[in-house]
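Heads up, input-v1.txt below (compact mmCIF, C-alpha atoms):
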```txt
# COMPACT_ATOMS: atom_id res chain seq x y z
CA MET G 1 -68.26 38.26 58.45
CA PHE G 2 -71.28 37.27 56.35
CA LEU G 3 -73.55 39.10 58.79
CA VAL G 4 -71.47 42.25 58.51
CA VAL G 5 -71.41 42.22 54.73
CA ALA G 6 -74.95 40.96 54.02
CA PRO G 7 -76.85 44.22 54.79
CA LEU G 8 -74.46 46.15 52.57
CA TRP G 9 -75.73 44.52 49.37
CA PRO G 10 -79.34 45.73 49.63
CA LEU G 11 -77.99 49.14 50.74
CA ALA G 12 -75.70 49.30 47.72
CA GLY G 13 -78.69 48.48 45.53
CA VAL G 14 -80.63 51.41 47.00
CA ALA G 15 -77.69 53.73 46.29
CA VAL G 16 -77.38 52.47 42.72
CA ALA G 17 -81.12 52.95 42.14
CA PHE G 18 -80.64 56.67 42.73
CA ALA G 19 -77.14 57.20 41.38
CA GLY G 20 -77.36 60.06 38.88
CA GLY G 21 -75.38 58.47 36.07
CA LEU G 22 -77.42 55.28 36.05
CA ASP G 23 -80.88 56.77 35.52
CA PRO G 24 -81.09 58.26 32.03
CA THR G 25 -84.44 59.91 32.78
CA ARG G 26 -83.32 61.45 36.06
CA GLU G 27 -83.51 65.05 34.80
CA ILE G 28 -87.03 64.54 33.42
CA GLY G 29 -88.03 62.82 36.65
CA LEU G 30 -86.74 65.71 38.74
CA ALA G 31 -89.18 68.08 37.02
CA ALA G 32 -92.12 65.68 37.33
CA PRO G 33 -94.79 66.11 40.02
CA TYR G 34 -94.33 62.53 41.20
CA SER G 35 -93.40 62.43 44.87
CA GLY G 36 -89.67 61.88 45.23
CA LEU G 37 -90.22 59.92 48.42
CA ARG G 38 -92.70 57.63 46.72
CA LEU G 39 -90.27 57.03 43.88
CA LEU G 40 -87.53 56.36 46.42
CA LEU G 41 -89.71 53.84 48.26
CA ILE G 42 -90.79 52.09 45.04
CA ARG G 43 -87.20 51.73 43.92
CA THR G 44 -86.11 50.62 47.38
CA VAL G 45 -88.78 47.91 47.46
CA ALA G 46 -87.76 46.79 43.96
CA VAL G 47 -84.12 46.62 45.01
CA LEU G 48 -84.90 44.74 48.24
CA ALA G 49 -87.15 42.31 46.36
CA VAL G 50 -84.16 41.30 44.24
CA THR G 51 -81.27 41.52 46.70
CA VAL G 52 -82.80 40.11 49.89
CA PRO G 53 -83.65 36.63 48.44
CA ILE G 54 -80.19 36.37 46.88
CA VAL G 55 -78.39 37.25 50.11
CA ALA G 56 -80.78 35.02 52.09
CA ALA G 57 -80.02 32.09 49.77
CA ALA G 58 -76.31 32.76 50.21
CA GLY G 59 -76.82 32.71 53.99
CA LEU G 60 -78.60 29.35 53.85
CA ALA G 61 -75.79 27.90 51.79
CA LEU G 62 -73.19 28.84 54.38
CA PRO G 63 -72.10 26.25 56.96
CA GLY G 64 -73.12 26.88 60.55
CA SER G 65 -76.31 27.85 62.36
CA ASN G 66 -79.44 28.56 60.31
CA TRP G 67 -80.11 31.74 62.27
CA LEU G 68 -77.24 33.25 60.27
CA ALA G 69 -79.50 33.31 57.23
CA ALA G 70 -81.97 35.58 58.99
CA ALA G 71 -80.04 37.60 61.57
CA TRP G 72 -79.08 40.29 59.04
CA LEU G 73 -82.67 40.99 57.95
CA LEU G 74 -83.71 43.35 60.75
CA PRO G 75 -80.41 45.26 60.64
CA THR G 76 -80.95 45.62 56.88
CA ALA G 77 -84.46 46.98 57.43
CA GLY G 78 -83.21 49.40 60.10
CA LEU G 79 -80.22 50.57 58.06
CA THR G 80 -82.39 51.07 54.98
CA CYS G 81 -84.90 53.16 56.93
CA VAL G 82 -82.10 55.29 58.40
CA ALA G 83 -80.57 55.77 54.94
CA LEU G 84 -83.97 56.77 53.49
CA ALA G 85 -84.57 59.23 56.31
CA LEU G 86 -81.12 60.75 55.75
CA THR G 87 -82.01 61.51 52.10
CA ALA G 88 -83.78 64.60 53.43
CA ARG G 89 -80.33 65.90 54.39
CA MET G 90 -77.99 64.34 51.81
CA THR G 91 -78.11 62.55 48.47
CA PRO G 92 -79.15 58.88 48.56
CA VAL G 93 -75.68 57.73 47.56
CA VAL G 94 -74.04 59.73 50.37
CA ALA G 95 -76.73 58.65 52.85
CA VAL G 96 -76.10 54.98 52.05
CA GLY G 97 -72.35 55.59 52.28
CA VAL G 98 -72.67 57.14 55.73
CA VAL G 99 -74.93 54.38 57.04
CA ALA G 100 -72.82 51.57 55.55
CA THR G 101 -69.59 53.02 56.93
CA ALA G 102 -71.08 53.41 60.40
CA TRP G 103 -72.41 49.85 60.24
CA VAL G 104 -69.04 48.36 59.29
CA LEU G 105 -67.16 50.44 61.87
CA VAL G 106 -69.44 49.21 64.65
CA THR G 107 -70.03 45.57 63.70
CA ALA G 108 -66.74 44.50 62.12
CA PRO G 109 -64.59 44.89 65.29
CA THR G 110 -67.31 43.23 67.41
CA THR G 111 -67.57 40.29 65.02
CA ILE G 112 -63.82 39.90 64.69
CA ALA G 113 -63.59 39.84 68.49
CA GLY G 114 -66.09 36.99 68.47
CA HIS G 115 -68.95 38.86 70.18
CA LEU G 116 -71.61 37.89 67.63
CA ASP G 117 -74.37 38.02 70.23
CA LEU G 118 -73.59 41.65 70.95
CA ALA G 119 -74.00 42.69 67.33
CA PHE G 120 -76.68 40.23 66.18
CA GLY G 121 -78.25 38.77 69.32
CA VAL G 122 -81.79 39.27 70.57
CA GLY G 123 -81.05 42.70 72.03
CA ALA G 124 -79.51 43.91 68.78
CA GLN G 125 -82.43 42.51 66.79
CA LEU G 126 -84.92 44.38 68.99
CA PHE G 127 -82.88 47.54 68.56
CA TRP G 128 -82.97 47.25 64.75
CA LEU G 129 -86.67 46.45 64.83
CA ALA G 130 -87.22 49.67 66.79
CA VAL G 131 -85.03 51.61 64.34
CA ALA G 132 -86.96 50.22 61.36
CA ILE G 133 -90.34 51.03 62.93
CA GLY G 134 -89.18 54.47 64.03
CA GLY G 135 -87.67 55.32 60.65
CA GLY G 136 -90.69 54.02 58.77
CA THR G 137 -93.06 56.00 60.99
CA TRP G 138 -91.01 59.17 60.55
CA LEU G 139 -91.06 58.76 56.75
CA ALA G 140 -94.82 58.20 56.82
CA VAL G 141 -95.45 61.25 59.02
CA THR G 142 -93.24 63.57 56.96
CA ARG G 143 -94.24 62.20 53.55
CA ASN G 144 -95.97 65.42 52.45
CA THR G 145 -93.10 67.71 53.34
CA PHE G 146 -90.24 65.31 52.70
CA THR G 147 -87.81 66.57 50.04
CA ILE G 148 -85.07 64.27 48.88
CA LYS G 149 -81.70 65.88 48.29
CA LEU G 150 -80.76 64.92 44.77
CA GLY G 151 -77.47 66.68 44.18
CA ARG G 152 -77.98 69.96 42.36
CA SER G 153 -81.74 69.87 42.62
CA ALA G 154 -84.24 72.25 44.12
CA MET X 1 -99.38 88.28 31.76
CA THR X 2 -96.10 87.14 33.28
CA THR X 3 -95.80 83.40 33.72
CA VAL X 4 -92.11 83.26 34.53
CA ARG X 5 -90.42 85.88 36.71
CA VAL X 6 -86.78 85.50 37.65
CA GLN X 7 -85.31 88.26 39.80
CA GLY X 8 -81.65 88.54 40.73
CA ALA X 9 -81.05 84.82 40.30
CA THR X 10 -77.53 83.83 41.26
CA LYS X 11 -76.11 80.33 41.26
CA SER X 12 -72.59 79.04 41.84
CA PHE X 13 -71.14 75.57 41.47
CA GLY X 14 -68.05 75.51 43.64
CA ARG X 15 -66.03 78.54 42.61
CA THR X 16 -67.78 78.89 39.25
CA ARG X 17 -70.55 81.44 39.16
CA ALA X 18 -72.96 80.00 36.58
CA LEU X 19 -75.55 82.78 36.97
CA ASP X 20 -74.95 86.25 38.29
CA CYS X 21 -77.99 88.29 39.27
CA VAL X 22 -80.12 87.46 36.24
CA ASP X 23 -83.59 88.93 35.69
CA LEU X 24 -86.04 87.44 33.21
CA ASP X 25 -89.75 87.83 32.58
CA ALA X 26 -91.67 85.60 30.19
CA GLY X 27 -95.31 85.32 29.25
CA PRO X 28 -97.34 83.46 26.62
CA GLY X 29 -95.40 82.92 23.41
CA VAL X 30 -91.86 81.74 22.83
CA THR X 31 -89.05 83.35 24.82
CA GLY X 32 -85.54 82.47 23.75
CA LEU X 33 -82.30 82.35 25.70
CA LEU X 34 -79.41 82.99 23.38
CA GLY X 35 -75.78 82.61 24.29
CA PRO X 36 -72.61 80.63 23.75
CA ASN X 37 -71.93 77.25 25.34
CA GLY X 38 -71.34 77.59 29.07
CA ALA X 39 -73.09 80.96 29.25
CA GLY X 40 -75.54 79.85 31.94
CA LYS X 41 -78.58 79.13 29.77
CA THR X 42 -79.02 75.59 31.04
CA THR X 43 -78.64 76.69 34.66
CA LEU X 44 -81.37 79.29 34.17
CA LEU X 45 -83.64 76.82 32.39
CA ARG X 46 -83.14 74.23 35.14
CA MET X 47 -84.29 76.85 37.63
CA ILE X 48 -87.37 77.53 35.52
CA ALA X 49 -87.96 73.76 35.34
CA THR X 50 -87.88 73.64 39.21
CA VAL X 51 -84.91 71.27 39.09
CA LEU X 52 -82.44 73.75 40.54
CA ALA X 53 -82.84 76.36 43.27
CA PRO X 54 -81.00 79.69 43.09
CA ASP X 55 -78.45 80.53 45.78
CA ARG X 56 -79.84 84.06 45.80
CA GLY X 57 -82.74 85.78 44.10
CA THR X 58 -86.30 84.67 43.50
CA VAL X 59 -88.12 82.62 40.90
CA THR X 60 -91.89 82.82 40.44
CA LEU X 61 -93.53 80.37 38.05
CA LEU X 62 -97.21 80.37 37.15
CA GLY X 63 -97.76 82.69 40.12
CA ARG X 64 -96.19 80.25 42.58
CA ASP X 65 -92.93 79.99 44.51
CA PRO X 66 -90.99 76.82 43.58
CA SER X 67 -88.96 76.98 46.79
CA ARG X 68 -92.08 75.85 48.67
CA PRO X 69 -92.66 72.08 48.32
CA ASP X 70 -96.44 72.39 47.80
CA ASP X 71 -96.08 75.13 45.20
CA ARG X 72 -93.31 73.21 43.49
CA MET X 73 -95.58 70.19 43.02
CA ARG X 74 -98.39 72.40 41.66
CA ILE X 75 -95.96 74.01 39.20
CA ARG X 76 -94.64 70.64 38.06
CA GLU X 77 -98.18 69.50 37.32
CA ARG X 78 -98.38 72.30 34.73
CA LEU X 79 -94.82 72.06 33.44
CA GLY X 80 -93.24 70.29 30.46
CA TYR X 81 -89.47 70.00 30.32
CA LEU X 82 -87.08 68.86 27.63
CA PRO X 83 -83.57 68.76 29.12
CA GLN X 84 -80.51 69.45 27.00
CA GLU X 85 -79.43 65.84 27.17
CA ALA X 86 -82.71 64.05 27.57
CA GLY X 87 -81.91 60.46 28.46
CA PHE X 88 -84.04 57.51 27.47
CA HIS X 89 -84.48 53.94 28.58
CA ARG X 90 -83.38 52.66 25.20
CA GLY X 91 -85.01 49.27 25.62
CA PHE X 92 -88.45 50.90 25.93
CA THR X 93 -90.61 51.44 22.89
CA VAL X 94 -91.53 55.05 22.13
CA PHE X 95 -95.00 54.43 23.55
CA GLU X 96 -93.69 52.74 26.70
CA PHE X 97 -91.21 55.53 27.39
CA ILE X 98 -93.78 58.31 27.06
CA ASP X 99 -96.19 56.23 29.11
CA TYR X 100 -93.52 55.95 31.83
CA VAL X 101 -93.09 59.73 31.90
CA ALA X 102 -96.88 60.10 32.00
CA ILE X 103 -96.89 57.95 35.15
CA LEU X 104 -94.24 60.25 36.66
CA LYS X 105 -96.60 63.11 35.77
CA LYS X 106 -99.21 61.49 37.99
CA MET X 107 -101.54 60.39 35.20
CA THR X 108 -103.00 57.49 37.12
CA ASP X 109 -106.02 56.53 35.02
CA ARG X 110 -104.59 53.99 32.57
CA ARG X 111 -107.07 54.55 29.75
CA ALA X 112 -106.90 58.35 29.93
CA ARG X 113 -103.13 58.18 30.18
CA HIS X 114 -102.81 56.00 27.11
CA ASP X 115 -105.10 58.36 25.18
CA GLU X 116 -102.85 61.25 26.20
CA VAL X 117 -99.72 59.33 25.19
CA ARG X 118 -101.24 58.62 21.78
CA ARG X 119 -102.19 62.32 21.44
CA VAL X 120 -98.65 63.61 22.01
CA ILE X 121 -97.19 60.85 19.84
CA THR X 122 -99.39 62.04 16.98
CA LEU X 123 -98.59 65.68 17.72
CA ALA X 124 -94.86 64.99 17.52
CA GLY X 125 -95.23 62.97 14.31
CA LEU X 126 -94.16 59.74 15.97
CA ALA X 127 -97.17 57.56 15.17
CA SER X 128 -95.25 55.43 12.69
CA VAL X 129 -92.51 54.57 15.21
CA SER X 130 -94.53 54.35 18.43
CA ALA X 131 -93.99 50.58 18.68
CA LYS X 132 -90.28 50.79 17.90
CA ARG X 133 -87.64 50.59 20.58
CA ILE X 134 -85.89 53.88 21.28
CA ARG X 135 -82.49 52.40 20.47
CA ALA X 136 -83.78 51.65 16.96
CA ILE X 137 -84.87 55.17 16.02
CA SER X 138 -82.79 58.09 14.75
CA GLY X 139 -81.43 60.96 16.85
CA GLY X 140 -83.96 63.33 15.32
CA MET X 141 -86.80 61.00 16.23
CA ARG X 142 -85.47 60.71 19.78
CA ARG X 143 -85.50 64.48 20.04
CA ARG X 144 -89.16 64.32 19.02
CA VAL X 145 -89.77 61.74 21.74
CA GLY X 146 -88.25 64.24 24.15
CA LEU X 147 -90.60 66.95 22.96
CA ALA X 148 -93.58 64.58 23.04
CA GLN X 149 -93.01 63.73 26.72
CA ALA X 150 -92.72 67.46 27.48
CA LEU X 151 -96.12 68.05 25.85
CA LEU X 152 -97.87 65.47 28.07
CA GLY X 153 -100.81 66.95 29.91
CA ASP X 154 -100.89 70.07 27.72
CA PRO X 155 -98.64 72.06 30.11
CA ASP X 156 -98.98 75.82 30.61
CA LEU X 157 -95.22 76.23 30.78
CA LEU X 158 -92.84 74.47 28.42
CA VAL X 159 -89.09 74.57 29.07
CA LEU X 160 -86.94 73.42 26.16
CA ASP X 161 -83.17 73.28 26.43
CA GLU X 162 -81.49 73.38 23.01
CA PRO X 163 -84.41 71.60 21.34
CA THR X 164 -82.95 71.80 17.82
CA VAL X 165 -79.38 70.81 18.55
CA GLY X 166 -78.12 67.94 16.42
CA LEU X 167 -81.03 68.06 14.00
CA ASP X 168 -80.64 68.24 10.23
CA PRO X 169 -82.17 71.26 8.43
CA GLU X 170 -85.46 69.54 7.62
CA GLN X 171 -85.87 68.20 11.14
CA ARG X 172 -85.08 71.65 12.51
CA LEU X 173 -87.83 73.18 10.39
CA ARG X 174 -90.31 70.57 11.58
CA PHE X 175 -89.24 71.18 15.17
CA ARG X 176 -89.69 74.90 14.72
CA GLU X 177 -93.19 74.24 13.49
CA MET X 178 -93.97 72.14 16.56
CA ILE X 179 -92.47 74.67 18.98
CA SER X 180 -94.28 77.52 17.27
CA HIS X 181 -97.53 75.57 17.58
CA ALA X 182 -96.77 74.82 21.23
CA GLY X 183 -96.19 78.52 21.90
CA GLU X 184 -99.71 79.46 20.88
CA GLY X 185 -101.51 80.16 24.14
CA ARG X 186 -98.82 78.87 26.48
CA THR X 187 -95.43 80.03 27.68
CA VAL X 188 -92.41 78.42 26.05
CA VAL X 189 -88.92 79.23 27.27
CA MET X 190 -86.22 77.74 25.08
CA SER X 191 -82.48 78.05 24.78
CA SER X 192 -80.42 77.98 21.65
CA HIS X 193 -77.16 79.15 20.24
CA GLN X 194 -78.74 79.17 16.79
CA THR X 195 -79.78 82.73 15.98
CA GLU X 196 -81.92 81.44 13.09
CA ASP X 197 -84.11 79.47 15.49
CA ILE X 198 -84.46 82.45 17.80
CA THR X 199 -85.31 84.80 14.94
CA ALA X 200 -87.87 82.38 13.56
CA LEU X 201 -89.63 81.55 16.80
CA CYS X 202 -89.18 84.02 19.62
CA THR X 203 -91.20 87.06 20.56
CA ARG X 204 -88.74 87.89 23.33
CA ILE X 205 -85.11 87.02 23.88
CA ALA X 206 -82.48 87.22 26.56
CA VAL X 207 -78.82 87.09 25.61
CA ILE X 208 -76.85 85.34 28.34
CA HIS X 209 -73.09 85.52 28.54
CA GLN X 210 -70.82 84.44 31.39
CA GLY X 211 -73.81 84.12 33.69
CA ARG X 212 -75.19 87.59 33.04
CA ALA X 213 -78.12 88.76 30.94
CA LEU X 214 -76.55 91.19 28.47
CA PHE X 215 -79.83 91.97 26.74
CA THR X 216 -83.52 91.31 27.21
CA GLY X 217 -86.13 92.49 24.74
CA THR X 218 -87.54 91.61 21.35
CA PRO X 219 -85.47 90.25 18.45
CA THR X 220 -86.28 93.46 16.55
CA GLU X 221 -84.87 95.58 19.38
CA LEU X 222 -81.68 93.53 19.46
CA THR X 223 -81.31 93.68 15.69
CA ALA X 224 -81.80 97.46 15.81
CA GLN X 225 -78.72 97.74 18.03
CA ALA X 226 -76.63 96.72 15.02
CA GLU X 227 -78.16 99.38 12.76
CA GLY X 228 -75.37 101.27 10.97
CA ARG X 229 -72.73 98.76 12.03
CA VAL X 230 -72.88 96.26 9.16
CA TRP X 231 -71.43 96.96 5.74
CA THR X 232 -70.14 95.22 2.65
CA ASP X 233 -66.76 95.66 1.08
CA THR X 234 -64.51 93.93 -1.41
CA GLN X 235 -62.20 92.97 1.43
CA ARG X 236 -62.16 92.36 5.14
CA SER X 237 -62.13 95.71 6.84
CA PRO X 238 -59.50 96.17 9.58
CA ALA X 239 -62.18 98.03 11.53
CA ALA X 240 -64.48 95.01 11.55
CA LEU X 241 -65.12 93.05 14.69
CA ALA X 242 -66.15 90.13 12.50
CA ALA X 243 -66.07 89.66 8.75
CA TRP X 244 -66.82 86.86 6.35
CA ARG X 245 -66.99 86.39 2.62
CA THR X 246 -70.48 85.74 1.35
CA GLY X 247 -71.60 83.70 -1.63
CA ASP X 248 -71.33 86.66 -4.02
CA GLY X 249 -67.67 87.22 -3.10
CA ALA X 250 -68.20 90.41 -1.10
CA TYR X 251 -67.18 90.66 2.53
CA ARG X 252 -69.83 91.25 5.15
CA ASN X 253 -68.25 93.34 7.89
CA VAL X 254 -69.64 93.84 11.37
CA GLY X 255 -68.24 96.47 13.70
CA ASP X 256 -67.59 100.19 13.50
CA PRO X 257 -67.75 101.10 9.81
CA PRO X 258 -65.21 103.41 8.17
CA GLU X 259 -66.45 106.61 6.58
CA GLY X 260 -68.32 106.08 3.33
CA ALA X 261 -68.93 102.36 3.99
CA GLU X 262 -71.78 100.72 2.13
CA LEU X 263 -74.16 100.00 5.00
CA ILE X 264 -76.60 97.12 4.78
CA PRO X 265 -79.50 96.05 7.04
CA PRO X 266 -78.28 94.03 10.03
CA THR X 267 -79.54 90.62 11.11
CA LEU X 268 -80.03 89.26 14.60
CA GLU X 269 -76.79 87.33 14.14
CA ASP X 270 -74.89 90.59 13.49
CA ALA X 271 -76.34 92.16 16.61
CA TYR X 272 -75.51 89.05 18.61
CA LEU X 273 -71.90 89.12 17.40
CA LEU X 274 -71.59 92.78 18.34
CA LEU X 275 -73.04 92.11 21.76
CA MET X 276 -70.66 89.23 22.36
CA GLY X 277 -67.73 91.29 21.10
CA GLU X 278 -66.21 88.27 19.40
CA PRO X 279 -62.66 89.49 18.68
CA ASP X 280 -61.16 87.16 16.10
CA LEU X 281 -63.95 85.83 13.94
CA GLU X 282 -63.30 85.46 10.25
CA VAL X 283 -65.48 82.97 8.47
CA THR X 284 -65.65 82.29 4.78
CA ARG X 285 -69.03 81.35 3.39
CA SER X 286 -69.13 79.71 0.02
```
Take the structure in the file and give it back as structure tokens.
Amino acid sequence: MFLVVAPLWPLAGVAVAFAGGLDPTREIGLAAPYSGLRLLLIRTVAVLAVTVPIVAAAGLALPGSNWLAAAWLLPTAGLTCVALALTARMTPVVAVGVVATAWVLVTAPTTIAGHLDLAFGVGAQLFWLAVAIGGGTWLAVTRNTFTIKLGRSA
Amino acid sequence: MTTVRVQGATKSFGRTRALDCVDLDAGPGVTGLLGPNGAGKTTLLRMIATVLAPDRGTVTLLGRDPSRPDDRMRIRERLGYLPQEAGFHRGFTVFEFIDYVAILKKMTDRRARHDEVRRVITLAGLASVSAKRIRAISGGMRRRVGLAQALLGDPDLLVLDEPTVGLDPEQRLRFREMISHAGEGRTVVMSSHQTEDITALCTRIAVIHQGRALFTGTPTELTAQAEGRVWTDTQRSPAALAAWRTGDGAYRNVGDPPEGAELIPPTLEDAYLLLMGEPDLEVTRS
């Protein structure tokens, strides 16, 4: 279950970084000319820089194969990119909620059934690598027109 | 010259219509939005600050359309905004906080940015507390920090939401001075429910009530609407819409005067009360 839960921590961090009630300067920031996407990426990197080493250390401390400590990294990258891309359509908190729910719904039953390879094997890793690259490329291409949905904002 | 043009702006939050087909024009000088709490002033100001888009109607700011991403960025580069509840990172010093906002305003050159931060800190009278943490300064000083960040980059359009709320009389006077200074040569749109602030500062006003603009014009024009409808008496007149006892013991009555009433010149506050149609106001001033 570690592999199912591990990507959720960095995702939760991304959601928290943009939760309205936790950023006292949010209203001032909304009226600033700073690119919302750039701010989103900076905060995401900051969140990942803190959460990924912690979750990785937790993975290393767990009994079992060492690949467990790394098999969640590409899914995390892919899920984060999908969540960021979705912020053009919904608020970051909702985007993370949608992605996290979908992730749990797909991977939890597979893991419980003992099909770890199906959810975290080489094929799955390649899939998440493709998702991360695709999502990152899409964000880069649309960076000038990308508008993050921030609740009641323009 | 019109810097701010709002036409037919309508905005709803769920079933609540916060703004209902509001028109507003503002140019250089201070334009005030006057109205009770919940009237829709903040919603209108958030639109002017490019933070909120109308459901219907158009907003044009500095000749640009904020619904277009490119235009919105250009507007924001020339905009200063003090929200009603400006939040602060309380662990930051005053300098650090304003510097942070300056970064959000795309001031990338560190030396030039720090010079600009020092300029607005001096302008807002914060030089003596610039190294203090925000949690250690008074509410009035924090309000000044809010104004200082709004003044970064010498914006052409300044949007101030209830800038004098919570300030003591001396702080309010100092704030008025700063806002008046800021309004020289640029467009300031501010909201208040303090008629004294509006009278003192604004060249144009809009009275907002229940999401609608009940009046737009100059303070003198609004005051003139109460001409012949304010009188003094030894008692509260039953015909008065509002009445209160003044310091000299006489009652100041606002409404439709009885025959032979001793009429006195109205104030903006009288005209505002008449416009709002406040039914049961009786205040005693000592």
Review point. Skipping near chain neighbours, those fewer than 6 positions away, what residues fall within 10 Å of stretch 264-277 of chain X using all atoms listed in the file, listed as a PyMOL selection string?
Key: chain X and resi 34-36+194-196+198-199+207-209+214-215+219-232+241-242+252-256
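Among X:Arg17, X:Arg78, X:Arg68, X:Lys105, the residue with the shortest atom-to-atom distance to chain G, counting all atoms listed in the file, is X:Lys105.
One finds atom CA of X:Ala182 at 18.1 Å from atom CA of X:Arg142.
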**Q.** 12 Å contact set for stretch 4-6 of chain G, all atoms listed in the file, chain neighbours under 5 positions out, as a ChimeraX atom specification
**A.** /G:11-13,51-59,68-77,79,100-112,116,119-120
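Atom to atom, atom CA of X:Leu152 and atom CA of X:Arg186 stand 13.5 Å apart.
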A straight line from atom CA of X:Leu123 to atom CA of X:Gly166 spans 20.6 Å
- Query: What would the list of residues within 12 Å of (-81.5, 81.6, 29.3) (file frame) look like as a VMD selection string, if only C-alpha atoms are what count?
  - Reply: chain X and resid 4 6 9 18 to 19 22 to 26 31 to 49 159 to 162 188 to 193 198 204 to 216
So that I have them on file, write out the residues from the current selection with C-alpha atoms, as a PDB file, keeping the file's coordinate frame.
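To be explicit, this is the file written out as again_33.pdb:
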```
ATOM      1  CA  VAL X   4     -92.110  83.260  34.530  1.00  0.00           C
ATOM      2  CA  VAL X   6     -86.780  85.500  37.650  1.00  0.00           C
ATOM      3  CA  ALA X   9     -81.050  84.820  40.300  1.00  0.00           C
ATOM      4  CA  ALA X  18     -72.960  80.000  36.580  1.00  0.00           C
ATOM      5  CA  LEU X  19     -75.550  82.780  36.970  1.00  0.00           C
ATOM      6  CA  VAL X  22     -80.120  87.460  36.240  1.00  0.00           C
ATOM      7  CA  ASP X  23     -83.590  88.930  35.690  1.00  0.00           C
ATOM      8  CA  LEU X  24     -86.040  87.440  33.210  1.00  0.00           C
ATOM      9  CA  ASP X  25     -89.750  87.830  32.580  1.00  0.00           C
ATOM     10  CA  ALA X  26     -91.670  85.600  30.190  1.00  0.00           C
ATOM     11  CA  THR X  31     -89.050  83.350  24.820  1.00  0.00           C
ATOM     12  CA  GLY X  32     -85.540  82.470  23.750  1.00  0.00           C
ATOM     13  CA  LEU X  33     -82.300  82.350  25.700  1.00  0.00           C
ATOM     14  CA  LEU X  34     -79.410  82.990  23.380  1.00  0.00           C
ATOM     15  CA  GLY X  35     -75.780  82.610  24.290  1.00  0.00           C
ATOM     16  CA  PRO X  36     -72.610  80.630  23.750  1.00  0.00           C
ATOM     17  CA  ASN X  37     -71.930  77.250  25.340  1.00  0.00           C
ATOM     18  CA  GLY X  38     -71.340  77.590  29.070  1.00  0.00           C
ATOM     19  CA  ALA X  39     -73.090  80.960  29.250  1.00  0.00           C
ATOM     20  CA  GLY X  40     -75.540  79.850  31.940  1.00  0.00           C
ATOM     21  CA  LYS X  41     -78.580  79.130  29.770  1.00  0.00           C
ATOM     22  CA  THR X  42     -79.020  75.590  31.040  1.00  0.00           C
ATOM     23  CA  THR X  43     -78.640  76.690  34.660  1.00  0.00           C
ATOM     24  CA  LEU X  44     -81.370  79.290  34.170  1.00  0.00           C
ATOM     25  CA  LEU X  45     -83.640  76.820  32.390  1.00  0.00           C
ATOM     26  CA  ARG X  46     -83.140  74.230  35.140  1.00  0.00           C
ATOM     27  CA  MET X  47     -84.290  76.850  37.630  1.00  0.00           C
ATOM     28  CA  ILE X  48     -87.370  77.530  35.520  1.00  0.00           C
ATOM     29  CA  ALA X  49     -87.960  73.760  35.340  1.00  0.00           C
ATOM     30  CA  VAL X 159     -89.090  74.570  29.070  1.00  0.00           C
ATOM     31  CA  LEU X 160     -86.940  73.420  26.160  1.00  0.00           C
ATOM     32  CA  ASP X 161     -83.170  73.280  26.430  1.00  0.00           C
ATOM     33  CA  GLU X 162     -81.490  73.380  23.010  1.00  0.00           C
ATOM     34  CA  VAL X 188     -92.410  78.420  26.050  1.00  0.00           C
ATOM     35  CA  VAL X 189     -88.920  79.230  27.270  1.00  0.00           C
ATOM     36  CA  MET X 190     -86.220  77.740  25.080  1.00  0.00           C
ATOM     37  CA  SER X 191     -82.480  78.050  24.780  1.00  0.00           C
ATOM     38  CA  SER X 192     -80.420  77.980  21.650  1.00  0.00           C
ATOM     39  CA  HIS X 193     -77.160  79.150  20.240  1.00  0.00           C
ATOM     40  CA  ILE X 198     -84.460  82.450  17.800  1.00  0.00           C
ATOM     41  CA  ARG X 204     -88.740  87.890  23.330  1.00  0.00           C
ATOM     42  CA  ILE X 205     -85.110  87.020  23.880  1.00  0.00           C
ATOM     43  CA  ALA X 206     -82.480  87.220  26.560  1.00  0.00           C
ATOM     44  CA  VAL X 207     -78.820  87.090  25.610  1.00  0.00           C
ATOM     45  CA  ILE X 208     -76.850  85.340  28.340  1.00  0.00           C
ATOM     46  CA  HIS X 209     -73.090  85.520  28.540  1.00  0.00           C
ATOM     47  CA  GLN X 210     -70.820  84.440  31.390  1.00  0.00           C
ATOM     48  CA  GLY X 211     -73.810  84.120  33.690  1.00  0.00           C
ATOM     49  CA  ARG X 212     -75.190  87.590  33.040  1.00  0.00           C
ATOM     50  CA  ALA X 213     -78.120  88.760  30.940  1.00  0.00           C
ATOM     51  CA  LEU X 214     -76.550  91.190  28.470  1.00  0.00           C
ATOM     52  CA  PHE X 215     -79.830  91.970  26.740  1.00  0.00           C
ATOM     53  CA  THR X 216     -83.520  91.310  27.210  1.00  0.00           C
TER      54      THR X 216
END
```
Can you list, as a PyMOL selection string, every protein, DNA or RNA residue that comes within 12 Å of X:Glu177 when you count all atoms listed in the file, leaving out same-chain residues fewer than 5 positions away? chain X and resi 123-125+164+170-172+182-184+197+200-201
Counting all atoms listed in the file, the residue among G:Thr137, G:Val131, G:Val94, G:Arg143 that lies closest to chain X is G:Arg143
How big is the axis-aligned box around all listed atoms of stretch 162-170 of chain X once 3 Å goes on each side, and where's its centre, in Å to one decimal, as AutoDock Vina command-line options?
```
--center_x -81.8 --center_y 70.7 --center_z 15.3 --size_x 13.3 --size_y 11.4 --size_z 21.4
```
Please check the contacts: residues of chain X at most 10 Å away from chain G, using only C-alpha atoms, listed as a PyMOL selection string. chain X and resi 13+46-54+66-70+72-90+97+100-107+146+149-150
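Shortest atom-to-atom contact with X:Arg56 among X:Ser12, X:Asp99, X:Gly140, X:Thr93: X:Ser12, counting all atoms listed in the file.
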